[in-house]
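Chemist: Here you go, structure-v5.cif (mmCIF, C-alpha atoms):
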```
data_structure
#
loop_
_atom_site.label_atom_id
_atom_site.label_comp_id
_atom_site.auth_asym_id
_atom_site.auth_seq_id
_atom_site.Cartn_x
_atom_site.Cartn_y
_atom_site.Cartn_z
CA MET A 1 31.09 -174.66 173.13
CA THR A 2 30.34 -172.15 170.40
CA GLY A 3 30.11 -173.70 166.97
CA PHE A 4 27.59 -174.68 164.32
CA TRP A 5 24.65 -176.61 165.79
CA PRO A 6 21.61 -177.71 163.73
CA THR A 7 18.21 -177.00 165.23
CA GLU A 8 17.26 -180.66 164.82
CA TYR A 9 19.61 -181.44 167.72
CA ALA A 10 18.30 -178.65 169.96
CA GLU A 11 17.58 -181.17 172.74
CA LEU A 12 21.33 -181.78 173.04
CA ASP A 13 22.18 -178.09 173.48
CA PHE A 14 21.93 -176.96 177.09
CA ALA A 15 23.50 -174.60 179.57
CA LEU A 16 25.62 -176.33 182.19
CA PRO A 17 26.48 -174.30 185.30
CA ASP A 18 30.16 -174.43 186.24
CA GLU A 19 29.47 -176.27 189.49
CA PHE A 20 28.42 -179.36 187.49
CA ILE A 21 31.85 -179.63 185.83
CA ALA A 22 34.13 -182.03 187.69
CA LYS A 23 37.56 -180.46 188.20
CA LEU A 24 38.97 -183.41 190.14
CA PRO A 25 38.34 -187.16 189.87
CA ALA A 26 36.33 -189.23 192.31
CA GLN A 27 38.36 -190.93 195.02
CA PRO A 28 38.55 -193.88 194.67
CA ALA A 29 37.97 -193.68 190.93
CA ASP A 30 35.27 -196.36 190.86
CA HIS A 31 33.17 -194.43 193.41
CA ALA A 32 31.91 -192.17 190.65
CA ARG A 33 28.16 -192.33 190.17
CA LEU A 34 26.73 -194.50 187.39
CA LEU A 35 23.51 -193.74 185.53
CA VAL A 36 22.23 -196.89 183.84
CA VAL A 37 20.04 -196.21 180.80
CA ASP A 38 17.97 -199.13 179.50
CA ARG A 39 17.08 -198.46 175.86
CA ALA A 40 14.44 -201.19 175.73
CA THR A 41 12.40 -200.01 178.73
CA GLU A 42 13.56 -196.38 178.65
CA THR A 43 14.20 -196.56 182.39
CA LEU A 44 16.99 -194.96 184.41
CA THR A 45 18.76 -196.58 187.35
CA HIS A 46 21.08 -194.69 189.69
CA ASP A 47 24.10 -196.53 191.04
CA HIS A 48 27.90 -196.31 191.44
CA PHE A 49 30.59 -197.42 189.03
CA TYR A 50 31.95 -200.06 191.41
CA ASN A 51 28.65 -201.92 190.85
CA LEU A 52 29.16 -202.11 187.08
CA GLY A 53 29.25 -205.91 187.31
CA LYS A 54 25.58 -205.97 188.37
CA TYR A 55 24.62 -205.00 184.83
CA LEU A 56 26.97 -207.32 182.95
CA ALA A 57 26.98 -211.10 182.63
CA ALA A 58 29.50 -213.88 182.01
CA GLY A 59 30.28 -213.91 178.31
CA ASP A 60 29.86 -210.17 177.83
CA ALA A 61 32.82 -208.41 176.22
CA ILE A 62 34.17 -204.94 176.99
CA PHE A 63 36.16 -203.29 174.20
CA TYR A 64 38.63 -200.79 175.68
CA ASN A 65 40.96 -198.23 174.17
CA ALA A 66 44.60 -199.16 174.88
CA THR A 67 46.12 -195.82 173.88
CA ARG A 68 48.41 -194.03 176.33
CA VAL A 69 48.08 -190.36 177.18
CA GLU A 70 51.35 -188.48 176.75
CA GLN A 71 52.32 -185.23 178.47
CA ARG A 72 51.90 -183.26 175.28
CA ARG A 73 50.84 -179.89 176.65
CA SER A 74 54.02 -177.86 176.68
CA TYR A 75 55.11 -174.22 176.86
CA LEU A 76 57.41 -172.70 174.25
CA LYS A 77 59.13 -169.34 173.84
CA LYS A 78 61.42 -167.49 171.49
CA PRO A 79 65.06 -167.87 172.56
CA ASP A 80 65.37 -164.14 173.27
CA SER A 81 62.04 -163.64 175.04
CA GLU A 82 60.23 -164.77 178.18
CA LYS A 83 56.75 -164.66 176.60
CA ARG A 84 55.32 -168.18 176.74
CA PHE A 85 53.09 -169.88 174.19
CA GLU A 86 50.95 -172.85 175.19
CA CYS A 87 51.32 -175.74 172.75
CA VAL A 88 49.61 -179.11 172.46
CA PHE A 89 51.44 -181.62 170.27
CA LEU A 90 48.76 -183.47 168.29
CA LYS A 91 50.42 -185.95 165.93
CA THR A 92 53.41 -186.42 163.68
CA VAL A 93 53.00 -185.67 159.99
CA ALA A 94 54.87 -186.96 156.96
CA GLU A 95 55.49 -183.54 155.43
CA THR A 96 54.41 -179.92 155.64
CA GLY A 97 55.39 -178.74 152.18
CA ALA A 98 58.95 -177.73 153.11
CA PRO A 99 62.25 -179.60 153.42
CA MET A 100 61.77 -181.66 156.55
CA PRO A 101 64.10 -182.63 159.35
CA ARG A 102 63.61 -185.98 161.07
CA GLN A 103 60.20 -185.16 162.49
CA ALA A 104 57.35 -182.66 162.30
CA TRP A 105 54.29 -182.29 164.50
CA GLN A 106 50.90 -180.81 163.90
CA VAL A 107 50.21 -178.67 166.96
CA LEU A 108 47.57 -176.51 168.57
CA MET A 109 48.86 -173.12 169.71
CA ARG A 110 47.12 -169.98 170.93
CA ASN A 111 47.85 -166.27 170.55
CA ILE A 112 50.61 -166.68 167.98
CA ARG A 113 49.47 -164.17 165.36
CA ARG A 114 52.73 -162.24 165.66
CA LEU A 115 54.89 -165.33 165.19
CA LYS A 116 56.09 -165.56 161.61
CA ASP A 117 56.52 -168.68 159.52
CA GLY A 118 60.01 -169.99 160.26
CA ALA A 119 60.13 -168.55 163.80
CA ALA A 120 62.55 -170.34 166.13
CA LEU A 121 61.12 -171.60 169.43
CA VAL A 122 62.48 -173.53 172.40
CA ALA A 123 60.84 -175.45 175.23
CA VAL A 124 60.55 -173.43 178.43
CA GLN A 125 61.37 -176.48 180.56
CA ASP A 126 64.47 -177.41 178.58
CA GLU A 127 65.84 -175.01 175.96
CA SER A 128 67.85 -177.76 174.30
CA TYR A 129 64.57 -178.74 172.62
CA LYS A 130 64.43 -176.49 169.53
CA PHE A 131 61.58 -176.06 167.05
CA THR A 132 60.78 -174.18 163.86
CA LEU A 133 57.24 -172.88 163.37
CA ARG A 134 55.57 -173.62 160.02
CA ARG A 135 52.18 -172.38 158.83
CA ARG A 136 50.45 -174.46 156.15
CA GLY A 137 47.00 -173.14 155.31
CA GLU A 138 45.10 -173.02 158.58
CA GLY A 139 47.43 -175.60 160.17
CA ILE A 140 50.30 -174.96 162.57
CA PHE A 141 53.29 -177.30 162.55
CA LEU A 142 56.55 -177.55 164.48
CA GLU A 143 59.66 -179.01 162.95
CA SER A 144 62.00 -180.62 165.46
CA ASP A 145 65.70 -181.40 165.11
CA ILE A 146 65.20 -184.66 167.02
CA PRO A 147 62.34 -187.17 167.06
CA LEU A 148 60.17 -186.68 170.14
CA GLY A 149 58.95 -189.62 172.19
CA GLU A 150 57.05 -190.17 175.42
CA HIS A 151 60.18 -189.63 177.54
CA ASP A 152 60.75 -186.23 175.89
CA PHE A 153 57.25 -185.05 176.71
CA VAL A 154 57.82 -186.06 180.33
CA ARG A 155 60.76 -183.60 180.33
CA ILE A 156 59.11 -180.66 178.58
CA GLY A 157 55.38 -181.13 179.05
CA GLU A 158 52.44 -181.83 181.30
CA MET A 159 49.28 -183.88 180.98
CA PRO A 160 46.94 -182.29 178.40
CA ILE A 161 43.94 -181.93 180.70
CA PRO A 162 40.87 -180.51 178.91
CA PRO A 163 40.89 -176.76 178.17
CA TYR A 164 37.61 -176.16 180.02
CA MET A 165 39.42 -176.88 183.33
CA ARG A 166 41.26 -173.56 182.83
CA ARG A 167 44.27 -174.56 184.92
CA ALA A 168 47.66 -176.19 184.67
CA ALA A 169 47.96 -179.92 185.21
CA THR A 170 49.11 -181.09 188.62
CA ALA A 171 51.84 -183.67 189.20
CA GLY A 172 49.20 -186.17 190.31
CA GLU A 173 47.45 -186.01 186.95
CA ALA A 174 50.23 -188.06 185.42
CA GLU A 175 48.17 -190.89 186.97
CA THR A 176 44.63 -189.58 187.47
CA TYR A 177 44.30 -188.46 183.82
CA GLN A 178 46.16 -191.48 182.45
CA ASN A 179 44.28 -194.32 180.75
CA PHE A 180 43.82 -197.30 183.09
CA PHE A 181 44.20 -199.62 180.07
CA ARG A 182 47.25 -197.92 178.54
CA ASN A 183 49.48 -200.25 176.55
CA GLN A 184 47.37 -203.32 177.45
CA ILE A 185 47.76 -204.59 173.91
CA GLU A 186 50.31 -206.95 172.43
CA GLU A 187 50.97 -204.77 169.38
CA LYS A 188 52.33 -201.81 171.38
CA GLU A 189 54.05 -200.42 168.29
CA LYS A 190 50.58 -199.63 166.92
CA ILE A 191 50.05 -197.02 169.66
CA ALA A 192 51.18 -193.54 168.63
CA GLY A 193 49.95 -191.93 171.85
CA SER A 194 47.13 -189.51 172.63
CA ALA A 195 46.71 -185.84 173.43
CA ALA A 196 43.55 -186.51 175.46
CA SER A 197 42.35 -189.31 177.70
CA PRO A 198 39.71 -191.98 176.96
CA THR A 199 37.90 -190.80 180.05
CA ALA A 200 35.40 -193.64 180.49
CA ALA A 201 38.40 -195.76 181.52
CA LEU A 202 39.31 -193.34 184.31
CA HIS A 203 36.63 -194.96 186.51
CA PHE A 204 38.40 -198.33 186.57
CA THR A 205 40.45 -199.63 189.49
CA PRO A 206 42.47 -202.87 189.69
CA ALA A 207 39.90 -204.35 192.09
CA LEU A 208 36.96 -203.62 189.76
CA PHE A 209 38.89 -204.93 186.77
CA GLU A 210 39.68 -208.21 188.52
CA ASN A 211 36.12 -208.51 189.81
CA LEU A 212 34.68 -208.22 186.32
CA LYS A 213 37.18 -210.68 184.85
CA SER A 214 36.45 -213.23 187.60
CA GLY A 215 32.76 -212.83 186.77
CA GLY A 216 33.39 -213.94 183.20
CA VAL A 217 33.47 -210.55 181.47
CA GLY A 218 36.05 -210.48 178.68
CA PHE A 219 38.26 -207.52 177.81
CA TYR A 220 39.42 -206.81 174.26
CA PRO A 221 41.69 -203.96 173.14
CA VAL A 222 41.32 -201.47 170.34
CA CYS A 223 43.45 -198.40 169.77
CA LEU A 224 42.27 -194.92 168.90
CA ASP A 225 44.94 -192.27 169.40
CA ILE A 226 42.89 -189.30 170.56
CA GLY A 227 43.59 -185.81 169.26
CA TYR A 228 42.69 -182.48 170.85
CA GLY A 229 40.16 -182.08 168.07
CA THR A 230 37.78 -183.94 170.36
CA PHE A 231 37.30 -180.58 172.15
CA ALA A 232 36.95 -178.48 168.99
CA PRO A 233 33.61 -176.79 168.22
CA LEU A 234 31.74 -178.32 165.32
CA THR A 235 31.43 -176.42 162.05
CA ALA A 236 28.93 -176.42 159.20
CA ALA A 237 31.57 -178.22 157.12
CA ASN A 238 31.57 -181.14 159.57
CA PHE A 239 27.87 -181.68 158.91
CA GLU A 240 28.09 -181.02 155.16
CA ASN A 241 31.00 -183.42 154.63
CA ALA A 242 30.02 -185.90 157.38
CA LYS A 243 33.64 -185.84 158.55
CA LEU A 244 35.46 -185.00 161.77
CA HIS A 245 39.11 -184.52 162.70
CA SER A 246 41.29 -187.45 161.72
CA GLU A 247 42.53 -189.97 164.31
CA HIS A 248 44.60 -193.14 163.95
CA TYR A 249 42.86 -196.41 164.83
CA TYR A 250 43.92 -200.05 165.04
CA ILE A 251 41.88 -203.20 165.72
CA PRO A 252 43.80 -206.39 166.64
CA ALA A 253 42.70 -209.58 164.87
CA ALA A 254 41.39 -211.20 168.07
CA THR A 255 39.27 -208.12 168.77
CA ALA A 256 37.84 -208.08 165.25
CA GLU A 257 36.97 -211.77 165.62
CA LYS A 258 35.24 -211.17 168.96
CA LEU A 259 33.27 -208.31 167.45
CA ARG A 260 31.79 -210.81 164.99
CA ASP A 261 30.99 -213.27 167.81
CA MET A 262 27.28 -213.17 168.62
CA ALA A 263 27.71 -214.76 172.07
CA GLY A 264 27.18 -212.27 174.91
CA ARG A 265 26.83 -208.53 174.69
CA ARG A 266 29.51 -206.35 173.15
CA VAL A 267 30.10 -203.21 175.20
CA ALA A 268 32.25 -200.28 174.09
CA LEU A 269 34.17 -198.59 176.90
CA GLY A 270 33.97 -194.97 175.84
CA THR A 271 33.12 -193.12 172.67
CA THR A 272 36.72 -193.50 171.45
CA SER A 273 36.45 -197.28 171.55
CA LEU A 274 33.09 -197.08 169.80
CA ARG A 275 34.57 -194.81 167.12
CA ALA A 276 37.35 -197.34 166.52
CA LEU A 277 34.89 -200.23 166.20
CA LEU A 278 32.64 -198.25 163.85
CA SER A 279 35.68 -197.29 161.79
CA LEU A 280 36.43 -200.97 161.24
CA GLN A 281 32.88 -201.46 160.00
CA HIS A 282 32.88 -198.28 157.89
CA TYR A 283 36.24 -198.61 156.17
CA GLY A 284 36.56 -202.39 156.24
CA THR A 285 40.18 -202.18 157.41
CA THR A 286 41.72 -202.92 160.79
CA GLU A 287 44.06 -199.91 160.74
CA GLY A 288 44.03 -196.44 159.28
CA GLU A 289 42.96 -192.85 159.78
CA THR A 290 39.31 -192.35 160.66
CA GLU A 291 37.24 -189.25 159.96
CA ILE A 292 33.81 -190.73 160.61
CA PHE A 293 31.17 -188.45 162.10
CA VAL A 294 28.32 -190.43 163.62
CA LYS A 295 25.05 -188.63 164.35
CA PRO A 296 21.52 -189.57 165.43
CA GLY A 297 19.85 -191.54 162.66
CA ASP A 298 23.05 -193.34 161.68
CA VAL A 299 22.92 -197.10 162.14
CA ILE A 300 25.12 -198.59 164.87
CA ALA A 301 25.26 -202.37 164.65
CA GLY A 302 27.27 -205.03 166.42
CA VAL A 303 27.57 -203.17 169.74
CA GLU A 304 24.92 -203.59 172.45
CA GLY A 305 26.32 -201.46 175.25
CA LEU A 306 28.21 -198.20 175.79
CA ILE A 307 29.98 -196.97 178.91
CA THR A 308 30.61 -193.25 178.64
CA ASN A 309 30.89 -190.00 180.56
CA PHE A 310 28.58 -186.98 180.35
CA HIS A 311 29.75 -184.91 177.39
CA LEU A 312 29.87 -181.27 176.39
CA PRO A 313 26.76 -179.86 174.71
CA GLN A 314 27.16 -179.15 170.99
CA SER A 315 29.93 -181.75 170.71
CA SER A 316 30.58 -184.66 168.37
CA LEU A 317 30.75 -186.95 171.41
CA ILE A 318 27.23 -186.16 172.56
CA LEU A 319 25.97 -186.78 169.01
CA LEU A 320 27.72 -190.16 168.88
CA THR A 321 26.19 -191.06 172.25
CA ALA A 322 22.77 -189.93 171.02
CA ALA A 323 23.15 -192.08 167.90
CA PHE A 324 23.58 -195.05 170.21
CA CYS A 325 21.03 -194.11 172.86
CA GLY A 326 18.41 -192.14 170.96
CA THR A 327 18.19 -188.35 171.15
CA ARG A 328 15.05 -188.10 173.27
CA LEU A 329 16.13 -190.72 175.79
CA LEU A 330 19.62 -189.24 176.10
CA ALA A 331 18.23 -185.73 176.60
CA HIS A 332 15.98 -187.10 179.35
CA ALA A 333 18.94 -188.88 180.99
CA TYR A 334 21.03 -185.70 180.93
CA SER A 335 18.16 -183.69 182.38
CA GLU A 336 17.78 -186.15 185.25
CA ALA A 337 21.54 -186.22 185.82
CA MET A 338 21.59 -182.43 186.18
CA ARG A 339 18.56 -182.48 188.46
CA LEU A 340 20.30 -184.98 190.74
CA GLY A 341 23.69 -183.30 190.73
CA TYR A 342 25.77 -185.70 188.64
CA ARG A 343 29.28 -184.51 187.79
CA PHE A 344 30.01 -183.86 184.11
CA TYR A 345 32.89 -184.23 181.65
CA SER A 346 36.28 -185.95 181.89
CA TYR A 347 36.53 -186.33 185.67
CA GLY A 348 32.78 -186.64 186.09
CA ASP A 349 30.34 -189.48 186.55
CA ALA A 350 29.47 -192.20 184.06
CA MET A 351 26.63 -193.72 182.10
CA LEU A 352 26.02 -197.31 181.06
CA ILE A 353 23.66 -197.49 178.08
CA ILE A 354 22.35 -201.00 177.43
#
```
If you convert what's in this file into structure tokens, what do you get?

Modeler:
Amino acid sequence: MTGFWPTEYAELDFALPDEFIAKLPAQPADHARLLVVDRATETLTHDHFYNLGKYLAAGDAIFYNATRVEQRRSYLKKPDSEKRFECVFLKTVAETGAPMPRQAWQVLMRNIRRLKDGAALVAVQDESYKFTLRRRGEGIFLESDIPLGEHDFVRIGEMPIPPYMRRAATAGEAETYQNFFRNQIEEKEKIAGSAASPTAALHFTPALFENLKSGGVGFYPVCLDIGYGTFAPLTAANFENAKLHSEHYYIPAATAEKLRDMAGRRVALGTTSLRALLSLQHYGTTEGETEIFVKPGDVIAGVEGLITNFHLPQSSLILLTAAFCGTRLLAHAYSEAMRLGYRFYSYGDAMLII
């Protein structure tokens, strides 16, 4: 990544050769490697994800993100041209400052400098899907004549695999990049859908899930609908304002109650789940838009464990992980992971920090 990065976090800025970046998931998914980081003893243990239960006990609670990943990476073109524009649909917006049709989306599009405000676009896969481009400040929006849902993105889109993979999504990624815990929440209407996957959950299999439940580990849902801003380089403004891109979160009542329960350890499955839990604590509300930016030195209370992947250097996710783990210990863990050939990023290996 190339963004603003304070020198105080220099330990979390490193060069990662391309061969360390996982382009495909482990097969089976729970055969990914697991680096266990003990904060109390500052020791590292090397294992595999299918042995996660060795490090958890009856009464422990795992808080998972129940969002679903939608096929929101699409390709658009002008009706009279074959030039394609890649587009990632981020989230619906209430208004963009102009008379609105039934729905408008904030989007991420590249190489569109020559497209004027008001330009007409259609989906390459199905030209009956028509859009109007709107520019509002630095934001790009698409107005649609019809409301788009998950079934529409299946028709005109593909899974929004991370941009660093530099390839199109395959048909199989409708499953391999999908959240294992998608929609496992009673209040399904609270899920707006995500433009990126909560990748810590990609290591789960039905057998591992059942094994942990039979061992007395509880599972509690949260929802954080993940935007593509999770891949955006950080800016000086992020640090000055202590804010990140906005994402919708929701915490069910039973989950909020369990978070207050002091019995057993509370373990966040992924940085997105942790961000949702910290948003509840920060804002004091169980639903809303979160902009929190957690960095080393910030206090994280009420969560004793974190399951997460190995993140991009100079990213908000590595700073959140360092806030939980400690900068020096996390830098040491990453150094050892690289020395031993761990796989990084979304399809890579995992860490359990306890």

Chemist: Name all residues at most 10 Å from A:Ala236 (count all atoms listed in the file; drop same-chain ones fewer than 2 positions away) and give them as a ChimeraX atom specification.

Modeler: /A:3-6,234,238-242

Chemist: Pull the closest atom pair for each residue of stretch 74-165 of chain A that gets at most 12 Å from stretch 185-191 of chain A, along with the distance in Å to one decimal, counting only C-alpha atoms, ordering rows by chain and then ascending residue number, as a tab-separated table.

Modeler:
```
residue	atom	partner	partner_atom	distance
A:Lys91	CA	A:Ile191	CA	11.7
A:Gly149	CA	A:Ile191	CA	11.8
A:Glu150	CA	A:Ile191	CA	11.4
```

Chemist: Evaluate the PyMOL selection byres ((chain A and resi 173-178) around 8) here and jot the selected residues down as a list in words.

Modeler: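 This file gives the following for the PyMOL selection byres ((chain A and resi 173-178) around 8): Pro25, Arg68, Val69, Gln71, Glu158, Met159, Ile161, Ala169, Thr170, Ala171, Gly172, Asn179, Phe180, Arg182, Ser197, Thr199 and Leu202 of chain A.
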
Chemist: For stretch 156-239 of chain A against stretch 78-88 of chain A, with a cut-off of 12 Å and counting all atoms listed in the file, what is the closest atom pair and its distance in Å to one decimal for every residue that makes the cut, ordered by chain and number, as a tab-separated table?

Modeler:
```
residue	atom	partner	partner_atom	distance
A:Ile156	CA	A:Cys87	CA	10.9
A:Gly157	CA	A:Val88	CA	9.0
A:Glu158	CA	A:Val88	CA	9.7
A:Met159	CA	A:Val88	CA	9.8
A:Pro160	CA	A:Val88	CA	7.2
A:Ile161	CA	A:Val88	CA	10.4
A:Pro162	CA	A:Val88	CA	11.0
A:Pro163	CA	A:Val88	CA	10.7
A:Arg167	CA	A:Glu86	CA	11.9
A:Ala168	CA	A:Glu86	CA	10.6
A:Ser194	CA	A:Val88	CA	10.7
A:Ala195	CA	A:Val88	CA	7.4
A:Ala196	CA	A:Val88	CA	10.0
A:Gly227	CA	A:Val88	CA	9.6
A:Tyr228	CA	A:Val88	CA	7.9
A:Gly229	CA	A:Val88	CA	10.8
```

Chemist: Grab the atom CA of A:Ala301 to atom CA of A:Leu319 distance for me, in Å with one decimal place.

Modeler: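 Between atom CA of A:Ala301 and atom CA of A:Leu319 the gap works out to 16.2 Å.
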
Chemist: Could you give me the axis-aligned bounding box of stretch 240-251 of chain A, with 6 Å of padding per side, as centre plus edge lengths in Å to one decimal, as AutoDock Vina command-line options?

Modeler:
```
--center_x 36.3 --center_y -192.1 --center_z 160.2 --size_x 28.5 --size_y 34.2 --size_z 23.1
```

Chemist: Carefully work through the PyMOL selection byres ((chain A and resi 283-286) around 10) for this structure and note down the residues it includes, as a PDB file with C-alpha atoms, in the coordinates of the input.

Modeler:
```pdb
ATOM      1  CA  VAL A 222      41.320-201.470 170.340  1.00  0.00           C
ATOM      2  CA  TYR A 249      42.860-196.410 164.830  1.00  0.00           C
ATOM      3  CA  TYR A 250      43.920-200.050 165.040  1.00  0.00           C
ATOM      4  CA  ILE A 251      41.880-203.200 165.720  1.00  0.00           C
ATOM      5  CA  PRO A 252      43.800-206.390 166.640  1.00  0.00           C
ATOM      6  CA  ALA A 253      42.700-209.580 164.870  1.00  0.00           C
ATOM      7  CA  THR A 255      39.270-208.120 168.770  1.00  0.00           C
ATOM      8  CA  ALA A 256      37.840-208.080 165.250  1.00  0.00           C
ATOM      9  CA  ALA A 276      37.350-197.340 166.520  1.00  0.00           C
ATOM     10  CA  LEU A 277      34.890-200.230 166.200  1.00  0.00           C
ATOM     11  CA  LEU A 278      32.640-198.250 163.850  1.00  0.00           C
ATOM     12  CA  SER A 279      35.680-197.290 161.790  1.00  0.00           C
ATOM     13  CA  LEU A 280      36.430-200.970 161.240  1.00  0.00           C
ATOM     14  CA  GLN A 281      32.880-201.460 160.000  1.00  0.00           C
ATOM     15  CA  HIS A 282      32.880-198.280 157.890  1.00  0.00           C
ATOM     16  CA  GLU A 287      44.060-199.910 160.740  1.00  0.00           C
ATOM     17  CA  GLY A 288      44.030-196.440 159.280  1.00  0.00           C
ATOM     18  CA  GLU A 289      42.960-192.850 159.780  1.00  0.00           C
ATOM     19  CA  THR A 290      39.310-192.350 160.660  1.00  0.00           C
ATOM     20  CA  ILE A 292      33.810-190.730 160.610  1.00  0.00           C
TER      21      ILE A 292
END
```

Chemist: Quick one: everything within 7 Å of A:Asp38, counting all atoms listed in the file, minus sequence neighbours fewer than 4 positions away in the same chain. Send it as a ChimeraX atom specification.

Modeler: /A:42-44,353-354

Chemist: Between atom CA of A:Lys258 and atom CA of A:Ser214, measure the distance and give it in Å to one decimal.

Modeler: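 Distance reported for this atom pair: 18.8 Å.
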
Chemist: Give me the residues near A:Ile318 as a list in words, where near means some atom within 10 Å (using all atoms listed in the file) and where sequence neighbours in that chain fewer than 4 positions away do not count.

Modeler: Leu12, Asp13, Thr271, Val294, Lys295, Pro296, Thr308, Asn309, Phe310, His311, Leu312, Pro313, Gln314, Ala322, Ala323, Phe324, Thr327, Leu330 and Ala331 of chain A

Chemist: Might you pull out every residue within 12 Å of A:His31, with all atoms listed in the file counted and same-chain residues fewer than 4 positions away left off, and present them as a PyMOL selection string?

Modeler: chain A and resi 25-27+47-52+202-205+208+347-350
